[in-house]
Amino acid sequence: MAASVGLALVLAACGGDDDGGDNGSGGEGGGAGEGPTGSVSINSTQPENPLIPTTTNEVGGGNIVDAMWTGLVSYDSETGEPGLAMAESIEPNEDFTQFTITIKDGWTFHDGSPVTAQSFVDAWNFGAAGANAQLNQYFFGPDGANIAGYDAVAGQTDDTGAFVPGSATAETMSGLEVVDETTFTVTLGSPNSLFETIIGYSAFYPMPESFFTDQAAFIEHPIGNGPFEFVEEVPNTSINLRAWEDYPGDPKPQVENIEYRIYADLDAAYADVVANQLDILDKIPPAGLAGDVWKTDLEGRSASEPLTTRFTSLTFPLTNTEAWADPNLRKAISRAIDREAVIAAAYGPGNYVPATSWVPPGNDGYVEGTCGEWCEFDAAAAQELYAQSPGVQGTLLISSNADGGHREWVDAACTSIRDTLGIDCQGDFNPDFGSFRARVNANEITNPFRTGWVADYPSIQNFLAPLYTTNGSANDGGYSNPQFDELIQQAAGLEGQEALDLYNQAEELLAEDMAIIPLWYDNGQRGWSENVNEPQFTWKGYVDPLSISVKN
């Protein structure tokens, strides 16, 4: 089996050269071989953190980081299948506990410095170190790649999840060893059949030496090794990239300049793409979905495709308050939300799909209805559960960012809860995503709050482990169940149906606890201007920057 995994990656890499360059770009211009031409604009949100791969775990920053870096492994834009990118080869041993990685020679960072095996090892050690407080630290540990020696560099955390100074006993992970300029080995703490898939995620990108010598300068002008290089950032306005002329990978950029334009209001972005003032919009707001007006506003330049990678939920904070400790209260609130009615009110009937599981349809291991009755609207059952709980003290607040089309569904959900349980409910809004996530990361919110997930890599594991294992990188509510953690860790060492069975058992525990309420899955409506050829959207539902070309 080990040999077949390596072979699959080599084959995927060979086929990847034809991806993106011409796919979905129409025939009116931007042809391969002409060099990148023209400028385009893409809707975005203000990145929550500096553009450092090990601490960027949200969409606004993630899309930009992915355009600026190339990792060992990349995912096929359409299918999500992993294939070799900067890696020449990744060779596992028989039990998936050690991997020998050889990178392609001759690659450099945007500043001209070489990308070496050390570039990856140093970046991974930095990301894993507890003292560096990187948001993607988790991906190097037991429920991610599980690199040997992780615990020694990660150290201990206190009750709030903060690093305890002095608790780390090593500066580097013992499982990482540089063999030569282009080769390094990775030894894991236990077998991990998903390792080759996981390391395509941005947390595993390489970093130049300049990052470690002057991080302040790097934050001002980040340096990657990917197809687009950083030009400038105008905070809360735009982040501008340009095609890197020395990019050795394939496919090459077709467009010369990309402006990631920051919008606090998705309605404004929609109006701009309708008026051809914005080139690419990856999400249609409620105003456009209502009555399906987007189909006429953007006739001939829009598309919709159910996504297997996006999931919206409502999370209860469990570490900074006891108010939501009773599962009956959480289940009562879930059963009081009429998902179909909320979707119809906020987005128009059928424009989103009510969630019945924590893993979206289309993923290996998906089981419909894992949530069972707890995700089914039933006013009488909700009232009965609520009567058995301590109830809500005062007004039930639901926190969210107001932008991105979220105010509408929060208001509609509150209407459903208010009408069903007879309690006051209202939205608690931050104006934008960045300020909202700052509150979440600071563990400041003491009431239910909006959470959303876009897969980092194509696996059922990614919909469960980062979000719900104890101290997982995206475990915003502080949920903890040792039985869940154990099942996830056991599954990582297995393959095929054996692994899926354990992931399914872990998901069933989420239904028992209902600490996170599944709401709906995304249907992936998007549009583009008349200035560009039809672009390709990735398996995540975001535009593939390498597929963008301007019309002549």
# chains A, B, ... in the order shown; residues from 1 in each chain; ligands from 1
>>> residues_around(residues="Leu318 in chain A", least_positions_apart="4", cutoff="7 Å", atoms="only C-alpha atoms", output="ChimeraX atom specification")
/A:322,324-325,477-479
>>> residues_around(residues="range 128-136 of chain A", least_positions_apart="2", cutoff="7 Å", atoms="only C-alpha atoms", output="short mmCIF file (atom, residue, chain, number, x, y, z; two decimals) with C-alpha atoms, in the first residue's frame")
data_model
loop_
_atom_site.label_atom_id
_atom_site.label_comp_id
_atom_site.auth_asym_id
_atom_site.auth_seq_id
_atom_site.Cartn_x
_atom_site.Cartn_y
_atom_site.Cartn_z
CA THR A 54 1.53 28.97 10.31
CA THR A 55 -0.87 31.51 11.80
CA THR A 56 -3.27 32.11 8.90
CA ASN A 57 -6.34 29.90 9.29
CA TRP A 124 7.56 23.53 10.80
CA ASN A 125 9.56 23.87 14.01
CA PHE A 126 8.52 27.52 14.27
CA TYR A 138 -2.15 22.00 16.08
CA PHE A 139 -1.44 20.62 12.58
CA PHE A 140 2.02 19.45 13.61
CA TYR A 150 5.95 17.82 18.96
CA VAL A 153 8.44 22.00 21.61
CA ALA A 154 4.73 22.70 22.11
CA GLY A 155 5.02 22.69 25.89
CA PHE A 163 1.18 28.62 26.45
CA PRO A 165 6.23 30.03 29.56
CA ALA A 203 0.74 25.45 7.68
CA SER A 473 -6.62 24.59 16.14
#
>>> select_by_dssp(residues="range 306-528 of chain A", states="strand (DSSP E or B)", output="VMD selection string")
chain A and resid 310 to 315 352 to 354 396 to 401 425 to 430 449 to 454 516 to 522 526 to 528
>>> write_last_selection(atoms="C-alpha atoms", output="JSON list (two decimals), in the first residue's frame")
[["chain", "number", "residue", "atom", "x", "y", "z"],
["A", 310, "ARG", "CA", -18.20, 24.53, 3.40],
["A", 311, "PHE", "CA", -20.21, 24.15, 6.55],
["A", 312, "THR", "CA", -21.93, 26.70, 8.82],
["A", 313, "SER", "CA", -22.60, 26.02, 12.48],
["A", 314, "LEU", "CA", -23.48, 27.60, 15.82],
["A", 315, "THR", "CA", -20.96, 27.04, 18.61],
["A", 352, "TYR", "CA", -28.53, 26.50, 1.01],
["A", 353, "VAL", "CA", -28.93, 22.91, 2.23],
["A", 354, "PRO", "CA", -30.00, 22.20, 5.85],
["A", 396, "LEU", "CA", -30.15, 34.95, 24.15],
["A", 397, "LEU", "CA", -27.44, 36.58, 22.04],
["A", 398, "ILE", "CA", -26.03, 35.06, 18.86],
["A", 399, "SER", "CA", -22.69, 36.62, 17.95],
["A", 400, "SER", "CA", -21.46, 37.01, 14.39],
["A", 401, "ASN", "CA", -19.83, 39.39, 11.97],
["A", 425, "CYS", "CA", -33.16, 36.51, 21.13],
["A", 426, "GLN", "CA", -31.11, 38.99, 19.15],
["A", 427, "GLY", "CA", -27.93, 39.24, 17.16],
["A", 428, "ASP", "CA", -24.68, 40.52, 18.66],
["A", 429, "PHE", "CA", -22.72, 41.83, 15.69],
["A", 430, "ASN", "CA", -19.21, 42.96, 14.94],
["A", 449, "PHE", "CA", -21.64, 32.40, 18.10],
["A", 450, "ARG", "CA", -21.38, 31.77, 14.39],
["A", 451, "THR", "CA", -18.73, 29.35, 13.17],
["A", 452, "GLY", "CA", -17.96, 28.29, 9.65],
["A", 453, "TRP", "CA", -15.54, 25.86, 8.13],
["A", 454, "VAL", "CA", -13.86, 25.49, 4.77],
["A", 516, "ILE", "CA", -21.78, 22.63, 18.06],
["A", 517, "ILE", "CA", -25.06, 22.92, 16.12],
["A", 518, "PRO", "CA", -24.91, 22.06, 12.38],
["A", 519, "LEU", "CA", -26.88, 24.63, 10.37],
["A", 520, "TRP", "CA", -26.38, 24.27, 6.60],
["A", 521, "TYR", "CA", -24.09, 23.48, 3.70],
["A", 522, "ASP", "CA", -23.13, 25.90, 0.93],
["A", 526, "ARG", "CA", -20.53, 32.87, -7.62],
["A", 527, "GLY", "CA", -20.10, 35.39, -10.43],
["A", 528, "TRP", "CA", -17.59, 37.34, -12.49]]
>>> residues_around(residues="range 482-485 of chain A", least_positions_apart="4", cutoff="12 Å", atoms="only C-alpha atoms", output="list in words")
Pro142, Asp143, Gly144, Gln461, Leu464, Ala465, Pro466, Leu467, Tyr468, Thr469, Thr470, Asn471, Gly472, Gln489, Gln490, Ala491, Ala492, Leu502, Tyr503, Asn504, Gln505, Ala506, Glu507, Glu508, Leu509, Leu510, Ala511, Glu512 and Asp513 of chain A
>>> write_last_selection(atoms="N, CA and C atoms", output="PDB file, in the first residue's frame")
ATOM      1  N   PRO A 142      -0.443  15.577  17.477  1.00  0.00           N
ATOM      2  CA  PRO A 142      -1.022  14.230  17.401  1.00  0.00           C
ATOM      3  C   PRO A 142      -2.253  14.108  16.512  1.00  0.00           C
ATOM      4  N   ASP A 143      -3.066  15.149  16.423  1.00  0.00           N
ATOM      5  CA  ASP A 143      -4.274  15.046  15.612  1.00  0.00           C
ATOM      6  C   ASP A 143      -4.122  15.702  14.242  1.00  0.00           C
ATOM      7  N   GLY A 144      -2.863  16.052  13.909  1.00  0.00           N
ATOM      8  CA  GLY A 144      -2.550  16.564  12.579  1.00  0.00           C
ATOM      9  C   GLY A 144      -1.531  15.643  11.937  1.00  0.00           C
ATOM     10  N   GLN A 461     -11.334  13.614   8.069  1.00  0.00           N
ATOM     11  CA  GLN A 461     -10.582  13.949   9.275  1.00  0.00           C
ATOM     12  C   GLN A 461     -10.529  15.449   9.497  1.00  0.00           C
ATOM     13  N   LEU A 464     -13.382  17.040  11.354  1.00  0.00           N
ATOM     14  CA  LEU A 464     -13.590  16.594  12.723  1.00  0.00           C
ATOM     15  C   LEU A 464     -12.437  16.970  13.650  1.00  0.00           C
ATOM     16  N   ALA A 465     -11.215  16.591  13.284  1.00  0.00           N
ATOM     17  CA  ALA A 465     -10.092  16.748  14.210  1.00  0.00           C
ATOM     18  C   ALA A 465      -9.775  18.196  14.574  1.00  0.00           C
ATOM     19  N   PRO A 466      -9.571  19.112  13.616  1.00  0.00           N
ATOM     20  CA  PRO A 466      -9.209  20.483  14.013  1.00  0.00           C
ATOM     21  C   PRO A 466     -10.302  21.202  14.786  1.00  0.00           C
ATOM     22  N   LEU A 467     -11.561  20.821  14.532  1.00  0.00           N
ATOM     23  CA  LEU A 467     -12.691  21.551  15.091  1.00  0.00           C
ATOM     24  C   LEU A 467     -13.126  21.058  16.469  1.00  0.00           C
ATOM     25  N   TYR A 468     -12.952  19.762  16.736  1.00  0.00           N
ATOM     26  CA  TYR A 468     -13.605  19.201  17.920  1.00  0.00           C
ATOM     27  C   TYR A 468     -12.694  18.409  18.850  1.00  0.00           C
ATOM     28  N   THR A 469     -11.428  18.151  18.472  1.00  0.00           N
ATOM     29  CA  THR A 469     -10.531  17.513  19.433  1.00  0.00           C
ATOM     30  C   THR A 469     -10.116  18.546  20.479  1.00  0.00           C
ATOM     31  N   THR A 470      -9.765  18.077  21.635  1.00  0.00           N
ATOM     32  CA  THR A 470      -9.349  18.968  22.715  1.00  0.00           C
ATOM     33  C   THR A 470      -8.158  19.815  22.258  1.00  0.00           C
ATOM     34  N   ASN A 471      -8.292  21.120  22.371  1.00  0.00           N
ATOM     35  CA  ASN A 471      -7.267  22.081  21.960  1.00  0.00           C
ATOM     36  C   ASN A 471      -6.989  22.054  20.458  1.00  0.00           C
ATOM     37  N   GLY A 472      -7.948  21.572  19.665  1.00  0.00           N
ATOM     38  CA  GLY A 472      -7.798  21.626  18.214  1.00  0.00           C
ATOM     39  C   GLY A 472      -7.638  23.057  17.740  1.00  0.00           C
ATOM     40  N   GLN A 489      -7.585   9.792  16.960  1.00  0.00           N
ATOM     41  CA  GLN A 489      -6.187   9.385  16.915  1.00  0.00           C
ATOM     42  C   GLN A 489      -6.039   7.964  16.382  1.00  0.00           C
ATOM     43  N   GLN A 490      -6.942   7.093  16.771  1.00  0.00           N
ATOM     44  CA  GLN A 490      -6.893   5.711  16.259  1.00  0.00           C
ATOM     45  C   GLN A 490      -7.136   5.680  14.753  1.00  0.00           C
ATOM     46  N   ALA A 491      -8.085   6.474  14.288  1.00  0.00           N
ATOM     47  CA  ALA A 491      -8.431   6.482  12.871  1.00  0.00           C
ATOM     48  C   ALA A 491      -7.263   6.937  12.005  1.00  0.00           C
ATOM     49  N   ALA A 492      -6.430   7.847  12.531  1.00  0.00           N
ATOM     50  CA  ALA A 492      -5.319   8.390  11.750  1.00  0.00           C
ATOM     51  C   ALA A 492      -4.327   7.315  11.332  1.00  0.00           C
ATOM     52  N   LEU A 502     -14.218   4.583  12.282  1.00  0.00           N
ATOM     53  CA  LEU A 502     -13.879   5.263  13.536  1.00  0.00           C
ATOM     54  C   LEU A 502     -14.246   6.746  13.475  1.00  0.00           C
ATOM     55  N   TYR A 503     -14.037   7.355  12.327  1.00  0.00           N
ATOM     56  CA  TYR A 503     -14.446   8.753  12.187  1.00  0.00           C
ATOM     57  C   TYR A 503     -15.969   8.877  12.358  1.00  0.00           C
ATOM     58  N   ASN A 504     -16.713   7.941  11.814  1.00  0.00           N
ATOM     59  CA  ASN A 504     -18.171   7.961  11.968  1.00  0.00           C
ATOM     60  C   ASN A 504     -18.579   7.805  13.429  1.00  0.00           C
ATOM     61  N   GLN A 505     -17.874   6.939  14.156  1.00  0.00           N
ATOM     62  CA  GLN A 505     -18.170   6.778  15.586  1.00  0.00           C
ATOM     63  C   GLN A 505     -17.884   8.071  16.347  1.00  0.00           C
ATOM     64  N   ALA A 506     -16.813   8.733  15.983  1.00  0.00           N
ATOM     65  CA  ALA A 506     -16.475  10.003  16.632  1.00  0.00           C
ATOM     66  C   ALA A 506     -17.559  11.044  16.354  1.00  0.00           C
ATOM     67  N   GLU A 507     -18.043  11.089  15.115  1.00  0.00           N
ATOM     68  CA  GLU A 507     -19.074  12.061  14.756  1.00  0.00           C
ATOM     69  C   GLU A 507     -20.360  11.810  15.540  1.00  0.00           C
ATOM     70  N   GLU A 508     -20.663  10.557  15.812  1.00  0.00           N
ATOM     71  CA  GLU A 508     -21.862  10.245  16.586  1.00  0.00           C
ATOM     72  C   GLU A 508     -21.798  10.826  17.997  1.00  0.00           C
ATOM     73  N   LEU A 509     -20.590  10.942  18.546  1.00  0.00           N
ATOM     74  CA  LEU A 509     -20.434  11.549  19.870  1.00  0.00           C
ATOM     75  C   LEU A 509     -20.808  13.030  19.837  1.00  0.00           C
ATOM     76  N   LEU A 510     -20.561  13.690  18.717  1.00  0.00           N
ATOM     77  CA  LEU A 510     -20.940  15.092  18.600  1.00  0.00           C
ATOM     78  C   LEU A 510     -22.450  15.253  18.711  1.00  0.00           C
ATOM     79  N   ALA A 511     -23.188  14.275  18.203  1.00  0.00           N
ATOM     80  CA  ALA A 511     -24.644  14.327  18.298  1.00  0.00           C
ATOM     81  C   ALA A 511     -25.116  14.157  19.734  1.00  0.00           C
ATOM     82  N   GLU A 512     -24.418  13.359  20.488  1.00  0.00           N
ATOM     83  CA  GLU A 512     -24.793  13.173  21.896  1.00  0.00           C
ATOM     84  C   GLU A 512     -24.575  14.460  22.685  1.00  0.00           C
ATOM     85  N   ASP A 513     -23.498  15.179  22.374  1.00  0.00           N
ATOM     86  CA  ASP A 513     -23.129  16.354  23.160  1.00  0.00           C
ATOM     87  C   ASP A 513     -23.747  17.650  22.629  1.00  0.00           C
TER      88      ASP A 513
END
>>> residues_around(residues="Leu176 in chain A", least_positions_apart="2", cutoff="12 Å", atoms="only C-alpha atoms", output="PyMOL selection string")
chain A and resi 98-101+117-125+128+140+145-150+171-174+178-179+183-189
>>> closest_residue(among="A:Gln525, A:Thr296, A:Ser41, A:Thr309", to="Leu278 in chain A", atoms="only C-alpha atoms")
A:Ser41
>>> select_by_dssp(residues="range 363-514 of chain A", states="alpha helix (DSSP H)", output="JSON, numbers by chain")
{"A": [379, 380, 381, 382, 383, 384, 385, 386, 387, 406, 407, 408, 409, 410, 411, 412, 413, 414, 415, 416, 417, 418, 419, 420, 421, 433, 434, 435, 436, 437, 438, 439, 440, 441, 465, 466, 467, 468, 482, 483, 484, 485, 486, 487, 488, 489, 490, 491, 492, 496, 497, 498, 499, 500, 501, 502, 503, 504, 505, 506, 507, 508, 509, 510, 511, 512, 513]}
>>> residues_around(residues="range 389-391 of chain A", least_positions_apart="5", cutoff="7 Å", atoms="only C-alpha atoms", output="PyMOL selection string")
chain A and resi 326+328-329
